[in-house]
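A.B. asks: What follows is the file protein_6.cif, containing mmCIF, C-alpha atoms and all ligand atoms:
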data_model
#
loop_
_atom_site.label_atom_id
_atom_site.label_comp_id
_atom_site.auth_asym_id
_atom_site.auth_seq_id
_atom_site.Cartn_x
_atom_site.Cartn_y
_atom_site.Cartn_z
CA MET A 20 20.81 37.41 59.92
CA ASP A 21 20.12 38.89 56.51
CA VAL A 22 16.39 39.10 55.92
CA ILE A 23 15.51 39.47 52.25
CA VAL A 24 11.91 40.03 51.21
CA VAL A 25 10.79 39.17 47.70
CA LYS A 26 7.42 39.71 46.06
CA ASP A 27 6.00 36.22 45.79
CA TYR A 28 6.68 32.49 45.75
CA GLU A 29 8.00 32.59 42.20
CA SER A 30 10.62 35.22 43.04
CA LEU A 31 11.50 33.31 46.21
CA SER A 32 12.16 30.18 44.17
CA THR A 33 14.21 32.06 41.56
CA GLN A 34 16.31 33.83 44.21
CA ALA A 35 16.89 30.63 46.17
CA CYS A 36 17.92 28.88 42.96
CA ARG A 37 20.35 31.72 42.24
CA MET A 38 21.99 31.27 45.66
CA VAL A 39 22.32 27.51 45.35
CA SER A 40 23.58 27.79 41.76
CA GLY A 41 26.13 30.39 42.87
CA GLN A 42 27.37 28.00 45.55
CA VAL A 43 27.73 25.09 43.13
CA GLN A 44 29.31 27.23 40.41
CA SER A 45 31.90 28.68 42.78
CA LYS A 46 32.75 25.29 44.30
CA ALA A 47 31.86 22.29 42.17
CA ASN A 48 32.30 19.80 45.01
CA SER A 49 30.03 21.75 47.36
CA VAL A 50 28.25 19.88 50.12
CA LEU A 51 24.60 20.91 50.15
CA GLY A 52 22.18 20.32 53.03
CA LEU A 53 18.73 19.86 51.54
CA ALA A 54 15.19 20.24 52.86
CA THR A 55 11.82 18.81 51.89
CA GLY A 56 8.32 20.24 52.34
CA GLY A 57 6.22 22.36 50.01
CA THR A 58 8.40 25.48 50.17
CA PRO A 59 11.57 24.35 48.33
CA GLU A 60 9.70 22.68 45.44
CA GLY A 61 9.87 25.81 43.27
CA MET A 62 13.59 26.17 43.95
CA TYR A 63 14.22 22.56 42.91
CA GLN A 64 12.23 23.12 39.73
CA ALA A 65 14.30 26.24 38.97
CA LEU A 66 17.53 24.30 39.58
CA ILE A 67 16.40 21.59 37.16
CA GLU A 68 15.79 24.30 34.55
CA GLU A 69 19.26 25.77 35.12
CA TYR A 70 20.74 22.30 34.73
CA ALA A 71 18.71 21.61 31.55
CA ALA A 72 19.88 24.94 30.12
CA GLY A 73 23.48 23.79 30.59
CA ASN A 74 24.30 26.40 33.23
CA LEU A 75 24.92 24.02 36.07
CA SER A 76 26.35 20.59 36.79
CA PHE A 77 25.98 18.54 39.97
CA GLN A 78 28.58 15.91 38.96
CA GLU A 79 30.76 16.70 41.96
CA THR A 80 28.12 17.99 44.37
CA ARG A 81 27.32 15.99 47.47
CA THR A 82 24.01 16.29 49.30
CA PHE A 83 22.74 15.49 52.79
CA ASN A 84 19.07 15.74 53.56
CA LEU A 85 17.88 17.12 56.85
CA ASP A 86 15.50 14.39 57.84
CA GLU A 87 13.46 11.29 57.05
CA TYR A 88 10.42 9.60 58.55
CA ILE A 89 10.98 6.46 60.57
CA GLY A 90 9.11 3.39 59.42
CA LEU A 91 7.94 4.48 55.96
CA PRO A 92 9.43 2.16 53.32
CA THR A 93 12.17 4.03 51.42
CA ASP A 94 10.24 3.65 48.16
CA HIS A 95 6.94 4.82 49.71
CA SER A 96 5.69 7.75 47.63
CA LEU A 97 5.69 10.03 50.71
CA SER A 98 9.14 9.19 52.06
CA TYR A 99 11.59 12.08 51.86
CA HIS A 100 13.77 9.77 49.82
CA SER A 101 11.05 9.55 47.14
CA TYR A 102 10.36 13.28 47.42
CA MET A 103 13.99 14.16 46.68
CA TYR A 104 14.30 11.85 43.67
CA LYS A 105 10.99 13.12 42.27
CA GLN A 106 11.65 16.82 42.94
CA LEU A 107 15.34 16.94 42.00
CA PHE A 108 17.68 13.96 41.76
CA ASN A 109 15.93 12.17 38.87
CA HIS A 110 16.35 15.26 36.71
CA ILE A 111 19.98 16.25 37.26
CA ASP A 112 23.43 14.70 36.80
CA ILE A 113 24.29 14.04 40.45
CA PRO A 114 25.94 10.61 40.90
CA PRO A 115 23.81 8.38 43.20
CA GLU A 116 26.74 7.80 45.55
CA ASN A 117 26.86 11.54 46.28
CA ILE A 118 23.30 11.54 47.64
CA HIS A 119 22.67 11.00 51.36
CA LEU A 120 19.42 10.74 53.31
CA PRO A 121 19.03 9.25 56.77
CA ASP A 122 17.70 5.69 56.59
CA GLY A 123 14.45 5.63 58.57
CA ASN A 124 14.30 1.85 58.24
CA ALA A 125 17.75 1.03 59.59
CA SER A 126 17.64 -1.89 62.02
CA ASP A 127 19.80 0.08 64.46
CA LEU A 128 18.54 3.65 64.34
CA GLN A 129 21.05 4.99 66.88
CA ALA A 130 23.90 3.59 64.80
CA GLU A 131 22.32 5.16 61.71
CA CYS A 132 22.36 8.59 63.41
CA LYS A 133 26.05 8.22 64.26
CA LYS A 134 26.85 7.01 60.75
CA TYR A 135 25.06 9.98 59.20
CA GLU A 136 27.05 12.44 61.30
CA ALA A 137 30.27 10.65 60.35
CA PHE A 138 29.40 10.90 56.63
CA ILE A 139 28.81 14.65 56.94
CA HIS A 140 32.09 15.01 58.75
CA GLU A 141 33.98 12.95 56.15
CA ALA A 142 32.50 15.10 53.39
CA GLY A 143 34.08 18.12 55.05
CA GLY A 144 30.90 19.56 56.58
CA ILE A 145 27.98 21.29 54.91
CA ASP A 146 28.72 24.39 52.82
CA LEU A 147 25.13 25.55 52.36
CA GLN A 148 22.16 24.29 54.36
CA ILE A 149 18.65 24.92 53.03
CA LEU A 150 15.94 25.10 55.69
CA GLY A 151 12.19 25.47 55.85
CA LEU A 152 10.35 26.62 58.96
CA GLY A 153 7.64 24.78 60.88
CA HIS A 154 4.75 26.73 62.43
CA ASN A 155 6.06 25.73 65.85
CA GLY A 156 9.58 26.88 64.98
CA HIS A 157 10.96 23.49 64.04
CA ILE A 158 13.95 23.33 61.70
CA GLY A 159 14.50 19.95 60.12
CA PHE A 160 12.34 17.96 62.50
CA ASN A 161 13.84 19.55 65.62
CA GLU A 162 10.69 20.18 67.58
CA PRO A 163 10.41 22.68 70.46
CA GLU A 164 12.63 21.84 73.45
CA THR A 165 15.19 19.94 71.36
CA SER A 166 18.65 20.53 72.80
CA PHE A 167 20.72 23.12 70.95
CA ALA A 168 23.65 20.68 71.36
CA SER A 169 21.87 17.89 69.46
CA ARG A 170 23.45 16.04 66.57
CA THR A 171 21.55 13.70 64.22
CA HIS A 172 18.94 12.01 66.41
CA ILE A 173 15.54 10.37 66.63
CA ILE A 174 12.58 12.61 67.36
CA GLU A 175 8.95 12.10 68.33
CA LEU A 176 6.91 14.37 66.05
CA ASP A 177 4.62 16.98 67.63
CA ASN A 178 0.93 16.72 67.06
CA GLU A 179 0.99 20.05 65.22
CA THR A 180 3.71 18.84 62.86
CA ARG A 181 1.83 15.65 62.10
CA GLU A 182 -1.30 17.71 61.41
CA ALA A 183 0.61 20.06 59.10
CA ASN A 184 2.08 17.12 57.20
CA ALA A 185 -1.22 15.21 57.10
CA ARG A 186 -2.09 17.13 53.93
CA PHE A 187 0.25 14.85 52.00
CA PHE A 188 -1.18 11.62 53.49
CA GLU A 189 -4.66 10.13 53.17
CA GLN A 190 -5.35 10.62 56.86
CA LYS A 191 -3.48 12.01 59.85
CA GLU A 192 -3.09 8.52 61.38
CA ASP A 193 -0.88 7.61 58.42
CA VAL A 194 1.73 10.30 59.25
CA PRO A 195 4.65 8.55 60.95
CA LYS A 196 5.11 9.38 64.61
CA ARG A 197 8.90 9.51 64.56
CA ALA A 198 11.68 10.76 62.34
CA ILE A 199 15.46 10.94 62.11
CA THR A 200 16.68 14.51 61.85
CA MET A 201 19.98 16.34 61.77
CA GLY A 202 20.35 17.97 65.16
CA ILE A 203 20.44 21.69 65.88
CA GLU A 204 24.20 21.60 66.37
CA THR A 205 24.52 19.79 63.02
CA ILE A 206 22.56 22.58 61.34
CA LEU A 207 24.55 25.31 63.10
CA SER A 208 27.77 23.68 61.90
CA ALA A 209 26.90 24.45 58.27
CA ARG A 210 29.04 27.26 56.88
CA LYS A 211 26.02 29.06 55.39
CA VAL A 212 22.30 28.67 55.98
CA LEU A 213 19.44 29.68 53.69
CA VAL A 214 15.95 29.69 55.25
CA LEU A 215 12.99 29.76 52.87
CA VAL A 216 9.55 30.77 54.04
CA SER A 217 6.49 31.53 51.97
CA SER A 218 2.81 32.34 52.67
CA ALA A 219 0.87 34.26 55.29
CA ASP A 220 0.28 31.34 57.65
CA LYS A 221 4.02 31.43 58.48
CA ALA A 222 4.17 35.21 59.12
CA GLU A 223 4.00 34.83 62.90
CA ALA A 224 6.65 32.09 62.87
CA VAL A 225 8.96 34.27 60.74
CA LYS A 226 8.59 37.13 63.22
CA ASP A 227 9.40 34.78 66.11
CA MET A 228 12.44 33.32 64.35
CA VAL A 229 13.90 36.77 63.69
CA CYS A 230 12.77 38.81 66.72
CA ARG A 231 12.10 36.52 69.66
CA GLU A 232 14.80 35.95 72.27
CA ILE A 233 16.76 32.77 71.56
CA THR A 234 14.83 29.93 73.17
CA SER A 235 14.53 26.18 72.70
CA ALA A 236 10.75 26.72 72.93
CA PHE A 237 11.08 28.04 69.35
CA PRO A 238 14.10 26.24 67.84
CA ALA A 239 14.51 28.49 64.77
CA THR A 240 15.50 31.40 67.07
CA VAL A 241 18.86 29.63 67.45
CA LEU A 242 19.69 30.72 63.90
CA GLN A 243 20.19 34.27 65.25
CA LYS A 244 23.49 32.94 66.63
CA HIS A 245 24.78 31.71 63.28
CA PRO A 246 27.16 34.12 61.50
CA ALA A 247 25.93 33.51 57.93
CA VAL A 248 22.17 33.08 57.72
CA THR A 249 20.01 34.40 54.90
CA VAL A 250 16.27 34.38 55.51
CA LEU A 251 14.42 34.61 52.20
CA VAL A 252 10.71 35.31 52.56
CA ASP A 253 7.91 36.43 50.31
CA GLU A 254 5.79 39.49 51.14
CA LYS A 255 3.06 37.43 52.76
CA ALA A 256 5.44 35.63 55.10
CA ALA A 257 7.07 39.00 55.95
CA LEU A 258 3.77 40.63 56.98
CA ARG A 259 4.49 40.62 60.72
CA LEU A 260 8.20 41.53 60.50
CA PRO A 261 9.17 44.91 61.92
CA GLN A 262 10.59 47.13 59.20
CA GLU A 263 13.94 47.55 60.96
CA ARG A 264 14.60 43.80 60.88
CA ILE A 265 14.32 43.64 57.08
CA THR A 266 17.74 43.91 55.41
CA ARG A 267 16.40 44.57 51.92
CA TYR A 268 13.65 44.06 49.35
CA GLU A 269 14.56 42.44 46.05
N1 LIG B 301 10.58 18.17 58.05
C1 LIG B 301 10.04 19.17 57.22
C2 LIG B 301 10.83 20.42 57.41
O1 LIG B 301 12.16 20.22 56.99
C3 LIG B 301 10.17 21.55 56.62
O2 LIG B 301 10.98 22.68 56.66
C4 LIG B 301 8.82 21.87 57.21
C5 LIG B 301 8.09 23.01 56.52
O3 LIG B 301 7.44 22.51 55.40
P1 LIG B 301 6.64 23.33 54.34
O4 LIG B 301 7.67 23.95 53.46
O5 LIG B 301 5.82 22.33 53.59
O6 LIG B 301 5.82 24.33 55.05
O7 LIG B 301 8.06 20.70 57.10
C6 LIG B 301 8.55 19.43 57.42
O8 LIG B 301 8.12 19.18 58.71
#
Any chance you could put this one into structure tokens?
Ligand SMILES: N[C@@H]1[C@@H](O)[C@H](O)[C@@H](COP(=O)(O)O)O[C@@H]1O
C.D. replies:
Amino acid sequence: MDVIVVKDYESLSTQACRMVSGQVQSKANSVLGLATGGTPEGMYQALIEEYAAGNLSFQETRTFNLDEYIGLPTDHSLSYHSYMYKQLFNHIDIPPENIHLPDGNASDLQAECKKYEAFIHEAGGIDLQILGLGHNGHIGFNEPETSFASRTHIIELDNETREANARFFEQKEDVPKRAITMGIETILSARKVLVLVSSADKAEAVKDMVCREITSAFPATVLQKHPAVTVLVDEKAALRLPQERITRYE
């Protein structure tokens, strides 16, 4: 695990953009695994700017999102589908057929999970997976005690996760109770993983992800097993990290 500490959210977004751009520039038909949440918004904005400046094209890039709520209409403003079009896809040249998100309204959700895995497989697997980190250690929507062998599956969201995501909804009751998420094994199958974490309220979670023994009680610890993980954090999120676990400051 490479742990890179940058000054603030702006530098985090710029650095993350640099890594994703590097991936797409070195392999035009890269398969990207994408995340939602507040943290990657700055990175998406920076990628749009790179695209607008003519430095980057997504014509051949294929994307797979980590997760989607179950039961929110696809065009609901808070679906992850809407998030991705608003934050990135509407502003770049990616062909619509190259974009994949799990369908949280599929009539047969189990079949949808299988189909999603098959699409990832057919695309040749994920080259670079972007991840955020939940306070309880979730990656994607893999809540504590999710099997490390899981593939794309349906998950009941933890109370804490619904509370954290309630800030986007009018009231907590409106946050869906279930989601479809790539499984932990799906995430571990990506060739490279980039974890983005910003702000002091995640400092404890960052320390656990990097230092705690690998345990399904804190799913992000499983990333310690992956051979090519970069953890990119700002100074606030790095506050509780022991010095010796930090690879470098940029
Ligand atoms: N399903 C998403 C995760 O993929 C994301 O990583 C996490 C952290 O989000 P934020 O970046 O807003 O803290 O929140 C959500 O629960």
A.B. asks: To one decimal place in Å, what is the distance between CA of Glu131 (chain A) and CA of Lys46 (chain A)?
C.D. replies: 28.6 Å
A.B. asks: Go through A:Ser32, A:Asn74, A:Thr93, A:Thr200 and flag the residue nearest ligand LIG 301 (chain B), using all atoms listed in the file for the distances.
C.D. replies: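 Closest to ligand LIG 301 (chain B), using all atoms listed in the file: A:Thr200.
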A.B. asks: Which is closest to ligand LIG 301 (chain B) among A:Gln190, A:Thr55, A:Thr240, A:Ser98, if we use all atoms listed in the file?
C.D. replies: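 Checking each of A:Gln190, A:Thr55, A:Thr240, A:Ser98 against ligand LIG 301 (chain B), counting all atoms listed in the file, the winner is A:Thr55.
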A.B. asks: Counting only C-alpha atoms, which residues sit no farther than 7 Å from the position (25.3, 13.3, 41.6) in the file's frame? I'd like them as a list in words.
C.D. replies: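 Residues with an atom at most 7 Å from (25.3, 13.3, 41.6): Phe77, Gln78, Glu79, Thr80, Arg81, Asp112, Ile113, Pro114, Pro115, Glu116, Asn117 and Ile118 of chain A.
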A.B. asks: Using only C-alpha atoms, find the one residue out of A:Ala137, A:Val216, A:Val241, A:Val229 that sits nearest to Thr266 (chain A).
C.D. replies: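 Ranked by minimum distance to Thr266 (chain A), first place goes to A:Val229.
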A.B. asks: Any residue with an atom at most 9 Å from ligand LIG 301 (chain B) counts, using only C-alpha atoms and all ligand atoms. Which are they? Put them as a PyMOL selection string.
C.D. replies: chain A and resi 53-60+84-88+99+149-154+157-161+176+180-181+183-184+198+200+214-218+221
A.B. asks: Could you list, as a list in words, every residue within 12 Å of Cys230 (chain A), counting only C-alpha atoms and ignoring same-chain residues fewer than 3 positions away?
C.D. replies: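 My reading of the contact set: Met20, Val22, Glu223, Ala224, Val225, Lys226, Asp227, Ile233, Thr234, Phe237, Ala239, Thr240, Val241, Leu242, Gln243, Arg259, Leu260, Pro261, Gln262, Glu263, Arg264 and Ile265 of chain A.
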A.B. asks: Which residue gives the smallest distance to Asn178 (chain A) among A:Ser208, A:Ser96, A:Asn155, A:Gln64, with all atoms listed in the file counted?
C.D. replies: A:Asn155
A.B. asks: List the spatial neighbours of Val248 (chain A) as number ranges by chain - criterion: any atom at most 7 Å away, only C-alpha atoms, same-chain residues fewer than 6 positions off excluded.
C.D. replies: A: 20-21, 211-213
A.B. asks: May I have the protein, DNA and RNA residues with an atom at most 12 Å from (19.4, 7.7, 70.7), counting all atoms listed in the file in the file's coordinates, returned as a PyMOL selection string?
C.D. replies: chain A and resi 127-133+169-175+198-200+202
A.B. asks: Quick one, how far is CA of Asp177 (chain A) from CA of Ile89 (chain A)?
C.D. replies: 14.2 Å
A.B. asks: Counting only C-alpha atoms, figure out which residue out of A:Ile23, A:Leu207, A:Ala47, A:Leu75 gets nearest to Ala256 (chain A).
C.D. replies: A:Ile23
A.B. asks: Using Å and a single decimal, report how far CA of Ala222 (chain A) sits from CA of Lys244 (chain A).
C.D. replies: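 Those two atoms sit 20.9 Å apart.
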A.B. asks: So, with all atoms listed in the file as the atoms that count, which of A:Ala209, A:Val24, A:Ala72, A:Ala142 lies closest to Asn48 (chain A)?
C.D. replies: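 The closest residue to Asn48 (chain A) is A:Ala142.
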A.B. asks: Could the centre and edge lengths of an axis-aligned box, enclosing all atoms of region 146-163 of chain A in the file with 8 Å extra on each side, be given in Å to one decimal as lines of an AutoDock Vina configuration file?
C.D. replies:
center_x = 16.7
center_y = 22.4
center_z = 61.4
size_x = 40.0
size_y = 24.9
size_z = 34.1
